[in-house]
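Enquirer: Please find one structure pasted underneath; my questions will follow.
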Amino acid sequence: MTTRRAFLAGATGASVALAHGRWAEAQSPAGVIVFAKQIDDMISLDPGECFEFSGSEICGNVYQKLVTTPNNNPAELVGELAERWEASADNRTFTFRLKEGPKFASGKPVTAEDVAWSLGRAVILNKTPAFIINQFGLNKDNVAQMIRATDPRTVVLQTAEPTAPSFLLYCLSAVIGGVVEKAVALSHAQGDDLGNAWLKGNSAGSGPYAVRVWRASDNVSLEANPNATEPPKTRRIIIRHVADPSAQLLGLQKGDYDIARNLSPDQLRQVSADRQYTVQPQRKASLLYLALNQKNANLAKPEVRQAVKWAIDYEGIQKNIVPTTYAVHQAFLPEGLPGALTEKPFSRRVDEARRLMAQAGLSGGFDLNFDYGSASPIGDIAQAVQANLADIGIRLRMLPAEYRQVITKVRARQHDIAMSRWGSDYFDPNSNAENFSINTDNADDARNRTTAWRSSWLIPELSARVVAARVETDAAKRAESYLAIQREHQQTSPFVILLQEIEVSVSRAGVSGFDTGPMNDRNQYRGITKA
């Protein structure tokens, strides 16, 4: 049987060097939970800006939203700060009544003004996730009229067009819906940034925890919010950046870490046989994919995009590198979300890929830069992709980096090919459909900078179909629309969707209560205890 080591050796012709992360010198103390996790993707902890996996998880434990979805039923919408809500007859005006009791970490009550200001702030800042709210016809010029507090416990939100209530609520359950304490944020404002620079590494929320300190690619420390509605069971959470899975396992065995988040498949098999550890898998609404920048003249050729999709050994990568932590998936909606397409039309067919390269007039191949996160297993997968594409003449210059550097480069549209991750922001098909399939303005200063925009894929016709699916009120027709869009996207898009993540957490003896969900901001710390 081909082993993971043999597979990688065959793909790269070289052994893989492991870089050891650092770990604590002593066992984690009582009252403190220490995670070992790869957090080099973290860019900001401001809910109006945060759009990365690790940052979203922190925001989900620091901020509350009007509504959320429980992990045991992620399709259900429940009030978090909102006690109740109602929609007008024309589905353009939505009124929320807040619960009495929620308080910020400062001790001040959460008010309707804080809610209205926070949502309006996200629109005005217009950072990466702003399109989630902007799509309702909101902009910096009208948001003060469209979202307003009418009394201390009532918020009124208006949309430009009739909107399905459930769709609006799912969007408000995303990280960008996190409510910030207005007075605290403004007290730290620099110019007109509405407190953004300060909130990148601090917090002003009403969730179970508050940010104590964040050091990039080192650690994040959270302190229990003494005024939380539901007090957390552990007073402090520390997340240490440990890039190397071997260092995570060693620290777990020594007692330095309580929960390890990025163990390799071989290590997971090892701990699964040991009763000292609890292994907790969770299928995530998270995809790993290749983004082919359409600014590159070669990648803009449809035949080349198809050739790349036929060159990849999806099954070999999954079975030999990530057998327990990813599953092969080839559509932009992750399995488990409404409307997800599970068809897998592509497999490794080198002859077909070479035929397409020749058809494109590129039988001699060409060179490209390849950006990807250096940590395992992404670096291992990248080496397999390099070998696969070399077989059809595409020569990749490998550019490994910390993942936040990869993200920054892709958002600036400076990549050729990049290996990226995308996690759904809310439990509705539009979360991913909009991101991967809407781009009507390809200018560098476009207002809505979706993943399609990041790879310079201008698609006005497909964008119109995605918008039509979003507003379709017939559930069966809406589901069929998303299936058809995904099938077209598989064949024509500059995205090679490879795998869907299965996140596996491993806790040492006596540690329990970590509640994981399909979206990263639903990974909840408040119930974690340690004997």
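By order of appearance in the structure tokens: chains A, B, ..., then residues from 1 within every chain, and ligands from 1 in the order shown.
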Counting only C-alpha atoms, which residues of range 191-310 of chain A fall within 10 Å of range 408-415 of chain A, and what is the closest atom pair for each with its distance in Å at one decimal, ordered by chain and rising number, as JSON lines?

Expert:
{"residue": "A:Ala291", "atom": "CA", "partner": "A:His415", "partner_atom": "CA", "distance": 8.6}
{"residue": "A:Leu292", "atom": "CA", "partner": "A:His415", "partner_atom": "CA", "distance": 8.0}
{"residue": "A:Asn293", "atom": "CA", "partner": "A:His415", "partner_atom": "CA", "distance": 6.4}
{"residue": "A:Gln294", "atom": "CA", "partner": "A:Arg413", "partner_atom": "CA", "distance": 9.5}
{"residue": "A:Lys295", "atom": "CA", "partner": "A:Arg413", "partner_atom": "CA", "distance": 8.4}
{"residue": "A:Asn296", "atom": "CA", "partner": "A:His415", "partner_atom": "CA", "distance": 9.0}

Enquirer: Tyr372 in chain A: which residues within 6 Å, counting only C-alpha atoms, same-chain residues fewer than 6 positions away excluded, as a ChimeraX atom specification?

Expert: /A:400,418-419

Enquirer: I'd like the contact shell of Gly364 in chain A - 10 Å cut-off, only C-alpha atoms, skipping same-chain residues fewer than 2 positions apart - returned as a ChimeraX atom specification.

Expert: /A:354,357-358,361-362,366,392-394

Enquirer: Extract the full set of alpha helix (DSSP H) residues from range 195-295 of chain A according to DSSP on the backbone, and format it as a list in words.

Expert: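 Going through range 195-295 of chain A, the alpha helix (DSSP H) residues come out as Asn196, Ala197, Trp198, Leu199, Pro245, Ser246, Ala247, Gln248, Leu249, Leu250, Gly251, Leu252, Gln253, Lys254, Pro265, Asp266, Gln267, Leu268, Arg269, Gln270, Val271 and Ser272 of chain A.
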
Enquirer: Counting only C-alpha atoms, what is within 10 Å of range 479-483 of chain A, bar same-chain residues fewer than 2 positions away, as an NGL selection string?

Expert: :A and (331 or 333 or 338-343 or 429-430 or 433 or 465-466 or 468-470 or 472 or 474-477 or 485-489)

Enquirer: Just want the 10 Å neighbourhood of range 318-328 of chain A, counted on only C-alpha atoms, with same-chain residues fewer than 3 positions away dropped. Output as a PyMOL selection string.

Expert: chain A and resi 1-8+262-266+268-269+281-284+286-288+313-315+331+335+342+344+376-378+380-381+384+497-504
